[in-house]
>>> print(open('data.cif').read())   # mmCIF, C-alpha atoms
data_protein
loop_
_atom_site.label_atom_id
_atom_site.label_comp_id
_atom_site.auth_asym_id
_atom_site.auth_seq_id
_atom_site.Cartn_x
_atom_site.Cartn_y
_atom_site.Cartn_z
CA MET A 1 93.16 90.95 141.44
CA ASN A 2 93.27 87.79 139.37
CA HIS A 3 95.64 88.16 136.45
CA ARG A 4 95.36 84.57 135.24
CA GLY A 5 94.62 83.96 131.60
CA ASP A 6 94.82 87.61 130.62
CA ALA A 7 97.41 87.22 127.88
CA MET A 8 95.46 84.36 126.34
CA SER A 9 92.07 85.96 126.29
CA ASP A 10 92.48 87.51 122.85
CA LYS A 11 94.00 84.28 121.51
CA GLU A 12 91.31 81.98 122.80
CA GLU A 13 88.78 83.31 120.32
CA GLY A 14 91.24 83.21 117.39
CA PRO A 15 93.17 80.38 115.77
CA VAL A 16 94.78 77.77 118.03
CA PRO A 17 98.21 79.04 119.14
CA LEU A 18 101.32 77.07 118.23
CA LEU A 19 102.61 77.21 121.79
CA ALA A 20 100.57 78.03 124.88
CA ALA A 21 101.08 78.13 128.61
CA ARG A 22 98.09 78.05 130.88
CA SER A 23 98.21 79.01 134.56
CA LEU A 24 101.82 77.97 135.04
CA VAL A 25 103.06 77.63 138.59
CA LYS A 26 106.72 76.94 139.34
CA ALA A 27 108.73 77.32 142.52
CA TYR A 28 112.36 76.71 143.33
CA GLY A 29 112.28 75.41 146.88
CA ARG A 30 110.07 77.86 148.75
CA THR A 31 110.70 80.67 146.27
CA PRO A 32 107.86 81.07 143.77
CA ALA A 33 109.03 81.93 140.24
CA LEU A 34 105.68 81.75 138.43
CA ARG A 35 102.30 82.02 140.15
CA GLY A 36 99.79 81.28 137.39
CA ALA A 37 101.19 82.78 134.20
CA SER A 38 99.37 82.24 130.92
CA VAL A 39 100.70 83.20 127.51
CA ALA A 40 100.19 82.14 123.90
CA LEU A 41 102.46 82.28 120.87
CA GLY A 42 101.04 82.09 117.38
CA ALA A 43 102.81 80.42 114.43
CA GLY A 44 105.30 82.91 112.96
CA GLU A 45 104.64 85.44 115.71
CA ILE A 46 107.42 87.36 117.45
CA LEU A 47 106.45 87.84 121.08
CA ALA A 48 108.48 89.83 123.60
CA VAL A 49 108.24 88.89 127.26
CA THR A 50 109.44 91.74 129.44
CA GLY A 51 109.65 92.39 133.14
CA ALA A 52 112.04 93.26 135.94
CA SER A 53 114.71 90.88 137.21
CA GLY A 54 113.07 88.08 139.17
CA SER A 55 109.69 88.52 137.49
CA GLY A 56 109.81 84.96 136.11
CA LYS A 57 110.83 85.61 132.49
CA SER A 58 113.54 82.98 132.22
CA THR A 59 111.49 80.40 134.13
CA LEU A 60 108.67 80.93 131.64
CA LEU A 61 111.11 80.31 128.77
CA HIS A 62 112.40 77.13 130.43
CA LEU A 63 108.87 75.77 130.84
CA LEU A 64 107.73 76.71 127.35
CA SER A 65 110.80 75.15 125.75
CA GLY A 66 110.55 71.94 127.77
CA ILE A 67 113.84 72.54 129.58
CA ALA A 68 111.90 72.36 132.86
CA ARG A 69 108.43 71.16 133.84
CA PRO A 70 105.80 73.21 135.71
CA ASP A 71 104.57 72.33 139.20
CA GLU A 72 101.04 73.16 138.03
CA GLY A 73 99.43 74.26 134.78
CA ALA A 74 99.85 73.11 131.20
CA VAL A 75 102.14 73.78 128.26
CA THR A 76 100.67 72.90 124.88
CA TYR A 77 102.74 72.73 121.69
CA ASP A 78 101.11 72.03 118.35
CA GLY A 79 98.13 70.44 120.07
CA GLN A 80 100.07 68.16 122.44
CA ARG A 81 100.82 68.53 126.15
CA LEU A 82 104.51 69.34 126.23
CA ASP A 83 104.73 69.05 130.00
CA ARG A 84 103.54 65.43 129.86
CA LEU A 85 105.92 64.21 127.15
CA PRO A 86 108.60 61.71 128.16
CA GLU A 87 112.13 63.12 128.38
CA ARG A 88 113.28 61.30 125.23
CA ARG A 89 110.50 62.85 123.14
CA LEU A 90 111.20 66.29 124.63
CA THR A 91 114.88 66.01 123.70
CA GLU A 92 113.87 65.11 120.16
CA LEU A 93 111.49 68.07 119.94
CA ARG A 94 114.13 70.46 121.20
CA ARG A 95 116.41 69.13 118.47
CA THR A 96 113.91 69.33 115.60
CA ASP A 97 111.31 72.01 116.42
CA PHE A 98 112.96 74.39 118.87
CA GLY A 99 116.04 76.61 118.72
CA VAL A 100 117.44 78.34 121.78
CA VAL A 101 119.74 81.35 122.12
CA PHE A 102 120.93 82.65 125.47
CA GLN A 103 122.54 85.92 126.53
CA PHE A 104 125.94 84.34 126.22
CA GLY A 105 125.74 82.24 123.05
CA GLN A 106 126.95 79.12 124.83
CA LEU A 107 128.88 77.95 121.81
CA ILE A 108 131.17 74.99 122.31
CA PRO A 109 134.61 76.59 122.80
CA GLU A 110 136.59 73.74 121.24
CA LEU A 111 134.62 73.78 117.98
CA THR A 112 135.02 76.26 115.12
CA ALA A 113 132.11 78.53 114.13
CA VAL A 114 131.12 76.28 111.23
CA ASP A 115 131.24 73.14 113.38
CA ASN A 116 129.18 74.81 116.11
CA VAL A 117 126.48 75.68 113.57
CA GLY A 118 126.66 72.27 111.91
CA LEU A 119 126.41 70.34 115.18
CA PRO A 120 122.57 70.19 115.34
CA LEU A 121 122.54 68.85 111.79
CA LEU A 122 125.06 66.13 112.66
CA LEU A 123 122.94 65.18 115.68
CA ALA A 124 119.95 64.96 113.34
CA GLY A 125 121.81 62.50 111.14
CA ALA A 126 123.26 64.71 108.37
CA SER A 127 126.64 63.82 106.89
CA ARG A 128 129.63 65.92 107.94
CA ALA A 129 129.94 67.41 104.43
CA THR A 130 126.26 68.36 104.29
CA ALA A 131 126.37 69.82 107.81
CA ARG A 132 129.40 71.97 106.96
CA GLU A 133 127.90 73.15 103.68
CA ARG A 134 124.61 74.18 105.25
CA ALA A 135 126.34 75.70 108.25
CA GLY A 136 128.44 77.81 105.87
CA GLU A 137 125.28 79.03 104.14
CA TRP A 138 123.79 80.08 107.47
CA LEU A 139 126.95 81.84 108.56
CA GLU A 140 126.86 83.82 105.34
CA ARG A 141 123.23 84.68 105.93
CA PHE A 142 124.14 86.09 109.34
CA GLY A 143 127.06 88.08 107.98
CA VAL A 144 129.83 86.00 109.54
CA ARG A 145 131.19 84.39 106.39
CA GLY A 146 134.98 84.33 106.53
CA GLN A 147 135.01 83.40 110.22
CA GLU A 148 134.07 79.74 109.71
CA GLY A 149 137.38 78.45 110.99
CA LEU A 150 137.52 80.64 114.11
CA ARG A 151 136.71 79.35 117.57
CA PRO A 152 134.25 81.24 119.82
CA GLY A 153 137.08 82.85 121.80
CA GLU A 154 138.40 84.40 118.59
CA LEU A 155 135.07 86.00 117.64
CA SER A 156 133.69 89.35 118.81
CA GLY A 157 130.61 89.24 121.05
CA GLY A 158 128.34 90.21 118.16
CA GLN A 159 129.86 87.63 115.81
CA ALA A 160 129.59 84.89 118.45
CA GLN A 161 125.94 85.74 119.04
CA ARG A 162 125.18 85.64 115.30
CA VAL A 163 126.89 82.22 115.15
CA ALA A 164 124.65 81.13 118.04
CA LEU A 165 121.61 82.39 116.12
CA ALA A 166 122.70 80.49 113.03
CA ARG A 167 123.04 77.35 115.17
CA ALA A 168 119.55 77.90 116.61
CA LEU A 169 118.00 78.31 113.16
CA VAL A 170 119.99 75.84 111.04
CA THR A 171 117.55 72.97 111.54
CA GLY A 172 114.56 75.10 110.51
CA PRO A 173 112.81 75.15 113.90
CA ARG A 174 109.22 76.30 114.28
CA VAL A 175 110.02 78.22 117.47
CA VAL A 176 113.13 80.08 118.57
CA PHE A 177 113.53 80.94 122.25
CA ALA A 178 115.85 83.89 122.76
CA ASP A 179 116.77 84.80 126.35
CA GLU A 180 118.28 88.31 126.46
CA PRO A 181 120.08 87.65 123.14
CA THR A 182 121.63 91.13 123.06
CA GLY A 183 122.20 91.50 126.80
CA ALA A 184 125.99 91.25 126.53
CA LEU A 185 126.38 93.31 123.34
CA ASP A 186 126.89 96.99 122.58
CA SER A 187 123.99 98.75 120.86
CA LEU A 188 125.26 98.40 117.28
CA ALA A 189 126.11 94.70 117.63
CA GLY A 190 122.76 94.20 119.37
CA GLU A 191 120.95 95.85 116.49
CA GLN A 192 122.73 93.60 113.97
CA VAL A 193 121.78 90.50 115.95
CA MET A 194 118.14 91.54 116.31
CA THR A 195 117.82 92.54 112.65
CA ALA A 196 119.29 89.20 111.57
CA LEU A 197 116.96 87.30 113.90
CA VAL A 198 113.82 89.17 112.88
CA HIS A 199 114.52 89.04 109.13
CA THR A 200 115.25 85.33 109.21
CA ALA A 201 112.30 84.49 111.44
CA ARG A 202 109.87 86.45 109.26
CA GLU A 203 111.25 84.92 106.07
CA ALA A 204 111.03 81.37 107.43
CA GLY A 205 107.77 81.87 109.36
CA THR A 206 109.54 80.94 112.59
CA ALA A 207 107.87 81.99 115.84
CA VAL A 208 110.14 83.75 118.34
CA LEU A 209 109.72 84.05 122.09
CA LEU A 210 112.01 86.91 123.02
CA ILE A 211 112.90 87.50 126.67
CA THR A 212 114.25 90.97 127.31
CA HIS A 213 114.31 93.83 129.80
CA ASP A 214 115.25 96.29 127.03
CA ALA A 215 112.38 98.30 125.51
CA GLN A 216 114.30 98.84 122.27
CA VAL A 217 114.77 95.09 121.84
CA ALA A 218 111.12 94.41 122.74
CA ALA A 219 110.12 96.82 119.97
CA TYR A 220 111.29 94.28 117.37
CA ALA A 221 108.39 92.03 118.41
CA ASP A 222 104.83 92.02 117.08
CA ARG A 223 103.49 92.07 120.62
CA GLU A 224 104.69 92.36 124.19
CA VAL A 225 103.51 90.75 127.40
CA ARG A 226 104.86 91.91 130.73
CA LEU A 227 105.59 89.70 133.70
CA GLY A 228 105.46 90.98 137.24
CA ASP A 229 105.89 88.89 140.36
CA GLY A 230 105.34 85.61 138.52
CA LEU A 231 102.20 86.71 136.68
CA VAL A 232 101.40 88.11 133.24
CA LEU A 233 100.23 91.68 133.74
CA PRO A 234 97.26 92.94 131.76
CA ALA A 235 97.80 96.09 129.67
CA GLY A 236 97.79 99.19 131.83
CA VAL A 237 98.99 97.50 135.01
CA ALA A 238 102.30 98.64 136.44
CA ALA A 239 105.13 96.09 136.60
CA MET B 1 114.86 121.95 112.66
CA SER B 2 115.98 125.09 110.81
CA THR B 3 114.55 124.90 107.28
CA ARG B 4 116.56 128.00 106.42
CA HIS B 5 119.86 126.30 107.19
CA ILE B 6 118.88 122.97 105.67
CA LEU B 7 118.09 124.73 102.36
CA LEU B 8 121.36 126.66 102.59
CA GLY B 9 123.15 123.35 103.10
CA LEU B 10 121.48 121.83 100.07
CA LEU B 11 122.44 124.91 98.00
CA GLU B 12 126.09 124.40 98.97
CA ALA B 13 126.17 121.43 96.59
CA GLY B 14 125.42 123.80 93.68
CA PRO B 15 122.67 126.02 92.24
CA SER B 16 119.22 124.56 92.50
CA HIS B 17 115.57 125.54 92.10
CA GLY B 18 112.79 125.30 94.67
CA TYR B 19 111.20 122.11 93.38
CA ASP B 20 114.53 120.28 93.40
CA LEU B 21 115.37 121.57 96.90
CA LYS B 22 112.04 120.30 98.23
CA ARG B 23 112.57 116.88 96.64
CA ARG B 24 116.12 116.55 98.01
CA HIS B 25 115.03 117.70 101.47
CA ASP B 26 112.27 115.09 101.62
CA GLU B 27 114.70 112.39 100.44
CA ARG B 28 117.45 113.34 102.91
CA PHE B 29 115.11 113.65 105.89
CA PRO B 30 112.47 110.99 105.29
CA GLN B 31 111.23 111.06 108.89
CA ALA B 32 110.74 114.84 108.88
CA ARG B 33 107.50 116.43 107.76
CA PRO B 34 107.72 116.99 103.96
CA LEU B 35 108.35 120.64 103.08
CA ALA B 36 105.49 122.59 101.53
CA TYR B 37 106.36 124.35 98.26
CA GLY B 38 105.15 127.66 99.72
CA GLN B 39 107.56 127.24 102.66
CA VAL B 40 110.47 126.53 100.30
CA TYR B 41 109.85 129.61 98.15
CA THR B 42 109.24 131.90 101.14
CA THR B 43 112.45 130.69 102.77
CA LEU B 44 114.43 131.16 99.53
CA GLN B 45 113.13 134.75 99.19
CA ARG B 46 114.20 135.48 102.78
CA LEU B 47 117.65 134.00 102.16
CA VAL B 48 118.00 136.32 99.12
CA ARG B 49 116.72 139.30 101.15
CA ASP B 50 119.34 138.59 103.84
CA GLY B 51 122.16 138.21 101.34
CA LEU B 52 122.69 134.52 102.12
CA ALA B 53 121.56 133.32 98.69
CA GLU B 54 121.12 134.91 95.27
CA VAL B 55 119.37 134.22 92.01
CA GLU B 56 121.67 132.42 89.56
CA GLY B 57 119.29 132.68 86.62
CA THR B 58 116.40 130.75 85.18
CA ASP B 59 116.16 127.22 83.87
CA ALA B 60 113.34 126.12 81.57
CA ASP B 61 114.52 122.57 80.77
CA GLY B 62 111.61 122.03 78.38
CA GLY B 63 109.00 122.96 80.99
CA PRO B 64 107.92 126.08 82.80
CA GLU B 65 110.65 128.57 83.66
CA ARG B 66 112.19 128.01 87.11
CA THR B 67 114.40 130.30 89.17
CA LEU B 68 117.79 128.90 90.09
CA TYR B 69 119.28 129.93 93.43
CA ARG B 70 122.81 129.67 94.72
CA SER B 71 124.47 130.23 98.08
CA THR B 72 126.60 133.33 98.63
CA ALA B 73 129.85 133.67 100.59
CA ALA B 74 127.80 135.12 103.47
CA GLY B 75 125.49 132.10 103.18
CA ALA B 76 128.45 129.72 103.44
CA ARG B 77 129.71 131.55 106.56
CA GLU B 78 126.25 131.48 108.16
CA LEU B 79 125.94 127.76 107.38
CA ALA B 80 129.34 127.04 108.95
CA ARG B 81 128.38 129.06 112.05
CA TRP B 82 125.06 127.20 112.43
CA ALA B 83 126.60 123.76 111.78
CA GLY B 84 129.19 124.31 114.52
CA GLU B 85 126.73 125.72 117.04
CA ILE B 86 126.05 123.42 119.98
CA ALA B 87 122.36 122.56 120.21
CA PRO B 88 120.88 123.32 123.64
CA PRO B 89 120.79 120.04 125.60
CA ALA B 90 116.99 120.19 125.91
CA PRO B 91 114.41 119.06 126.83
CA PHE B 92 114.78 119.50 130.56
CA VAL B 93 112.25 119.49 133.37
CA ALA B 94 109.45 121.40 131.69
CA ASN B 95 108.23 118.68 129.37
CA GLU B 96 104.60 117.83 128.69
CA ILE B 97 104.61 114.43 130.37
CA PHE B 98 106.02 115.80 133.61
CA ALA B 99 103.57 118.70 133.51
CA LYS B 100 100.65 116.30 133.08
CA VAL B 101 101.80 114.18 136.01
CA VAL B 102 101.99 117.23 138.28
CA VAL B 103 98.63 118.61 137.09
CA SER B 104 97.09 115.18 137.60
CA ILE B 105 98.33 115.15 141.21
CA LEU B 106 97.09 118.72 141.79
CA SER B 107 93.64 117.95 140.40
CA GLY B 108 93.22 114.65 142.24
CA GLY B 109 93.57 112.56 139.07
CA ASP B 110 95.32 109.25 138.54
CA PRO B 111 98.90 110.03 137.47
CA ALA B 112 99.89 106.35 137.65
CA ALA B 113 97.22 105.40 135.12
CA TYR B 114 98.30 108.26 132.89
CA LEU B 115 101.94 107.13 133.04
CA ARG B 116 101.00 103.52 132.20
CA ALA B 117 98.92 104.60 129.20
CA GLN B 118 101.69 106.93 128.04
CA GLN B 119 104.24 104.09 128.33
CA ASP B 120 102.01 101.83 126.22
CA ALA B 121 101.73 104.58 123.58
CA HIS B 122 105.51 105.04 123.57
CA LYS B 123 106.04 101.29 123.12
CA ALA B 124 103.56 101.14 120.24
CA ARG B 125 105.41 103.99 118.51
CA MET B 126 108.74 102.22 119.14
CA ARG B 127 107.39 99.08 117.41
CA GLU B 128 106.35 101.20 114.40
CA LEU B 129 109.76 102.87 114.18
CA THR B 130 111.56 99.53 114.54
CA ALA B 131 109.48 98.11 111.69
CA VAL B 132 110.49 101.13 109.56
CA LYS B 133 114.20 100.71 110.26
CA THR B 134 114.26 96.93 109.81
CA ASP B 135 112.45 97.07 106.48
CA PRO B 136 114.91 95.49 104.02
CA GLY B 137 114.51 98.56 101.76
CA ALA B 138 115.39 101.09 104.48
CA ASP B 139 118.42 103.26 103.70
CA LEU B 140 120.92 104.37 106.35
CA ALA B 141 119.37 107.85 106.67
CA THR B 142 116.03 106.25 107.54
CA VAL B 143 117.67 103.85 110.02
CA LEU B 144 119.59 106.65 111.77
CA SER B 145 116.55 108.90 111.90
CA ALA B 146 114.44 106.10 113.40
CA ASP B 147 117.27 105.31 115.87
CA TYR B 148 117.30 108.92 117.03
CA ALA B 149 113.58 108.80 117.78
CA LEU B 150 113.83 105.32 119.37
CA ASN B 151 116.58 106.39 121.75
CA HIS B 152 114.59 109.43 122.86
CA LEU B 153 111.42 107.40 123.35
CA ASP B 154 113.41 104.82 125.31
CA ALA B 155 114.81 107.58 127.55
CA ASP B 156 111.24 108.84 128.12
CA LEU B 157 110.17 105.30 129.03
CA ARG B 158 112.93 104.91 131.59
CA TRP B 159 112.06 108.30 133.07
CA MET B 160 108.37 107.31 133.27
CA HIS B 161 109.29 104.02 134.95
CA THR B 162 111.33 105.82 137.61
CA THR B 163 108.66 108.49 138.07
CA ALA B 164 105.94 105.86 138.50
CA ALA B 165 108.01 104.29 141.26
CA ARG B 166 108.35 107.69 142.99
CA LEU B 167 104.78 108.91 142.65
CA ALA B 168 104.00 108.66 146.35
CA THR B 169 106.92 110.95 147.22
CA LEU B 170 106.11 113.35 144.40
CA THR B 171 102.46 113.49 145.44
CA ALA B 172 103.45 114.35 149.02
CA GLU B 173 105.78 117.07 147.73
CA VAL B 174 103.23 118.58 145.35
CA ASP B 175 100.47 118.49 147.95
CA THR B 176 102.51 120.39 150.52
CA THR B 177 103.81 123.17 148.26
#
>>> encode(input="data.cif", output="structure tokens")
Amino acid sequence: MNHRGDAMSDKEEGPVPLLAARSLVKAYGRTPALRGASVALGAGEILAVTGASGSGKSTLLHLLSGIARPDEGAVTYDGQRLDRLPERRLTELRRTDFGVVFQFGQLIPELTAVDNVGLPLLLAGASRATARERAGEWLERFGVRGQEGLRPGELSGGQAQRVALARALVTGPRVVFADEPTGALDSLAGEQVMTALVHTAREAGTAVLLITHDAQVAAYADREVRLGDGLVLPAGVAA
Amino acid sequence: MSTRHILLGLLEAGPSHGYDLKRRHDERFPQARPLAYGQVYTTLQRLVRDGLAEVEGTDADGGPERTLYRSTAAGARELARWAGEIAPPAPFVANEIFAKVVVSILSGGDPAAYLRAQQDAHKARMRELTAVKTDPGADLATVLSADYALNHLDADLRWMHTTAARLATLTAEVDTT
């Protein structure tokens, strides 16, 4: 059965998606990770990508966010071929248009919460005072006001992940990539993180590509596509 | 859910009339089916008949006359007994989804297709419930009620996933018995 293009079929007749992958193929050595996956993300849409371990979820996120390049296929962002952009332009895009959150927030351990959140602003040329002020606003928005001066090791898992979300959103990206953002959290902390992410994304019109194996987390999304064995599965096909 | 005991519980806060009990029930349990007035009054009459509630008097309050009910000492004891009673840890094996899978195998149907469609329906309902609980106006009772349903649907999903992976074995078992 040919699964290619299935997740895009309903998008192809509608408005042009903000971010689209077409027939992506990627292998690590002789191990195939993606075998022709196609998926589209609309502006402001929250899309869950689910599937078993090894189905290609994280590889798809890496290709869509420009962290890695496909062996075959195309990634289009805002009308331009992302996979053909030079590295310098990709780095710039990741700084201005994309935000990324991983399972473990990957905050910089030596920096305080406020400096972690303010870092993308500093890299974008903001003054230290402006970066700190805006970072403080975002920490408040994510319910971690009062912890500005703490370092990641002094925060709970849920607090650290909300700081990571604030850092991903502080520059006002058009797309946030979240790879198992609640995977290391208990259910209540996970719920707080997801609620904060969804509220903020909807308010700001930010699109979210949410990688998860958890059905309750996927239920926060507008839509779900399932990966199986490196392909996007059509509705009604077992993973 | 025992309407009888819920109404007794609401009466514990003080005397109340049927209309007010219905309103408070629907507010407290927003995910439950709203109570019908007829059901409220029938239940109140049965509580009075069984000595668990009694008529306090009537209250006009500028409108039509309404009967006020209050809980009795026997009502308070019955409520305490019910509240402390352990709910049976059901459902167990005999649920509708499992029954449909077995019947599908027996009748030569496609249990795998049924399970996939059922999983999709569960996920759609989970998205609806998540939208309800993440609505900025949702109160804690609504969030907890939605969480209860979400956790049960999620458990169903995991069971369906495992069952789908074991269909060949189940089919062999069902076919030989």
>>> resolve_selection(input="data.cif", expression="the PyMOL selection byres ((chain B) within 12 of (chain A))", output="count of residues only")
47
>>> residues_around(input="data.cif", residues="segment 16-25 of chain B", least_positions_apart="4", cutoff="9 Å", atoms="all atoms listed in the file", output="list in words")
Ile6, Leu7, Leu10, Leu11, Phe29, Pro30, Pro34, Leu35, Ala36, Tyr37, Val40, Tyr41, Leu44, Glu56, Thr58, Asp59, Arg66, Thr67, Leu68, Tyr69 and Arg70 of chain B
>>> write_last_selection(input="data.cif", atoms="C-alpha atoms", output="PDB file, in the coordinates of the input")
ATOM      1  CA  ILE B   6     118.880 122.970 105.670  1.00  0.00           C
ATOM      2  CA  LEU B   7     118.090 124.730 102.360  1.00  0.00           C
ATOM      3  CA  LEU B  10     121.480 121.830 100.070  1.00  0.00           C
ATOM      4  CA  LEU B  11     122.440 124.910  98.000  1.00  0.00           C
ATOM      5  CA  PHE B  29     115.110 113.650 105.890  1.00  0.00           C
ATOM      6  CA  PRO B  30     112.470 110.990 105.290  1.00  0.00           C
ATOM      7  CA  PRO B  34     107.720 116.990 103.960  1.00  0.00           C
ATOM      8  CA  LEU B  35     108.350 120.640 103.080  1.00  0.00           C
ATOM      9  CA  ALA B  36     105.490 122.590 101.530  1.00  0.00           C
ATOM     10  CA  TYR B  37     106.360 124.350  98.260  1.00  0.00           C
ATOM     11  CA  VAL B  40     110.470 126.530 100.300  1.00  0.00           C
ATOM     12  CA  TYR B  41     109.850 129.610  98.150  1.00  0.00           C
ATOM     13  CA  LEU B  44     114.430 131.160  99.530  1.00  0.00           C
ATOM     14  CA  GLU B  56     121.670 132.420  89.560  1.00  0.00           C
ATOM     15  CA  THR B  58     116.400 130.750  85.180  1.00  0.00           C
ATOM     16  CA  ASP B  59     116.160 127.220  83.870  1.00  0.00           C
ATOM     17  CA  ARG B  66     112.190 128.010  87.110  1.00  0.00           C
ATOM     18  CA  THR B  67     114.400 130.300  89.170  1.00  0.00           C
ATOM     19  CA  LEU B  68     117.790 128.900  90.090  1.00  0.00           C
ATOM     20  CA  TYR B  69     119.280 129.930  93.430  1.00  0.00           C
ATOM     21  CA  ARG B  70     122.810 129.670  94.720  1.00  0.00           C
TER      22      ARG B  70
END
>>> residues_around(input="data.cif", residues="Leu139 of chain A", least_positions_apart="4", cutoff="9 Å", atoms="only C-alpha atoms", output="list in words")
Ala113, Val114, Val117, Arg134, Ala135, Gly143, Val144, Arg145, Gly146, Gln147, Glu148, Arg162, Val163, Ala166 and Arg167 of chain A
>>> resolve_selection(input="data.cif", expression="the PyMOL selection byres ((chain A and resi 99) around 8)", output="number ranges by chain")
A: 94-95, 97-98, 100-101, 167-169, 173, 175-177
>>> resolve_selection(input="data.cif", expression="the PyMOL selection byres ((chain A and resi 108-112) around 6)", output="PDB file with C-alpha atoms, in the coordinates of the input")
ATOM      1  CA  LEU A 107     128.880  77.950 121.810  1.00  0.00           C
ATOM      2  CA  ALA A 113     132.110  78.530 114.130  1.00  0.00           C
ATOM      3  CA  VAL A 114     131.120  76.280 111.230  1.00  0.00           C
ATOM      4  CA  ASP A 115     131.240  73.140 113.380  1.00  0.00           C
ATOM      5  CA  ASN A 116     129.180  74.810 116.110  1.00  0.00           C
ATOM      6  CA  GLY A 149     137.380  78.450 110.990  1.00  0.00           C
ATOM      7  CA  LEU A 150     137.520  80.640 114.110  1.00  0.00           C
ATOM      8  CA  ARG A 151     136.710  79.350 117.570  1.00  0.00           C
ATOM      9  CA  PRO A 152     134.250  81.240 119.820  1.00  0.00           C
TER      10      PRO A 152
END
>>> atom_distance(input="data.cif", atom1="atom CA of Leu167 of chain B", atom2="atom CA of Gly54 of chain A")
22.7 Å
>>> atom_distance(input="data.cif", atom1="atom CA of Thr43 of chain B", atom2="atom CA of Ser2 of chain B")
10.4 Å
>>> residues_around(input="data.cif", residues="Ala74 of chain B", least_positions_apart="4", cutoff="7 Å", atoms="all atoms listed in the file", output="MDAnalysis selection string")
chainID B and resid 51:52 78
>>> residues_around(input="data.cif", residues="Gly75 of chain B", least_positions_apart="4", cutoff="7 Å", atoms="only C-alpha atoms", output="PyMOL selection string")
chain B and resi 8+52-53+71+79
>>> residues_around(input="data.cif", residues="Pro32 of chain A", least_positions_apart="2", cutoff="12 Å", atoms="all atoms listed in the file", output="ChimeraX atom specification")
/A:24-30,34-37,54-56,59,70-72,229-231
>>> atom_distance(input="data.cif", atom1="atom CA of Ile67 of chain A", atom2="atom CA of Ala189 of chain A")
28.0 Å
>>> closest_residue(input="data.cif", among="B:Ala168, B:Ala87, B:Ala141, B:Val48", to="Glu27 of chain B", atoms="all atoms listed in the file")
B:Ala141
>>> build_atoms(input="data.cif", residues="segment 157-171 of chain B", atoms="N, CA and C atoms", output="CSV table (one decimal), keeping the file's coordinate frame")
chain,number,residue,atom,x,y,z
B,157,LEU,N,110.7,106.5,128.4
B,157,LEU,CA,110.2,105.3,129.0
B,157,LEU,C,110.8,105.1,130.4
B,158,ARG,N,112.2,105.1,130.3
B,158,ARG,CA,112.9,104.9,131.6
B,158,ARG,C,112.6,106.0,132.6
B,159,TRP,N,112.4,107.2,132.1
B,159,TRP,CA,112.1,108.3,133.1
B,159,TRP,C,110.7,108.0,133.6
B,160,MET,N,109.7,107.6,132.8
B,160,MET,CA,108.4,107.3,133.3
B,160,MET,C,108.4,106.2,134.3
B,161,HIS,N,109.2,105.2,134.0
B,161,HIS,CA,109.3,104.0,135.0
B,161,HIS,C,109.7,104.5,136.3
B,162,THR,N,110.8,105.3,136.3
B,162,THR,CA,111.3,105.8,137.6
B,162,THR,C,110.3,106.7,138.3
B,163,THR,N,109.7,107.6,137.5
B,163,THR,CA,108.7,108.5,138.1
B,163,THR,C,107.5,107.7,138.7
B,164,ALA,N,107.1,106.7,138.0
B,164,ALA,CA,105.9,105.9,138.5
B,164,ALA,C,106.3,105.3,139.9
B,165,ALA,N,107.6,104.9,140.0
B,165,ALA,CA,108.0,104.3,141.3
B,165,ALA,C,108.1,105.3,142.4
B,166,ARG,N,108.2,106.6,142.0
B,166,ARG,CA,108.4,107.7,143.0
B,166,ARG,C,107.1,108.6,143.1
B,167,LEU,N,106.0,108.1,142.6
B,167,LEU,CA,104.8,108.9,142.6
B,167,LEU,C,104.3,109.3,144.1
B,168,ALA,N,104.5,108.4,145.0
B,168,ALA,CA,104.0,108.7,146.4
B,168,ALA,C,104.8,109.8,146.9
B,169,THR,N,106.1,109.8,146.7
B,169,THR,CA,106.9,111.0,147.2
B,169,THR,C,106.6,112.3,146.5
B,170,LEU,N,106.4,112.2,145.2
B,170,LEU,CA,106.1,113.4,144.4
B,170,LEU,C,104.8,113.9,144.8
B,171,THR,N,103.8,113.0,145.0
B,171,THR,CA,102.5,113.5,145.4
B,171,THR,C,102.5,114.2,146.8
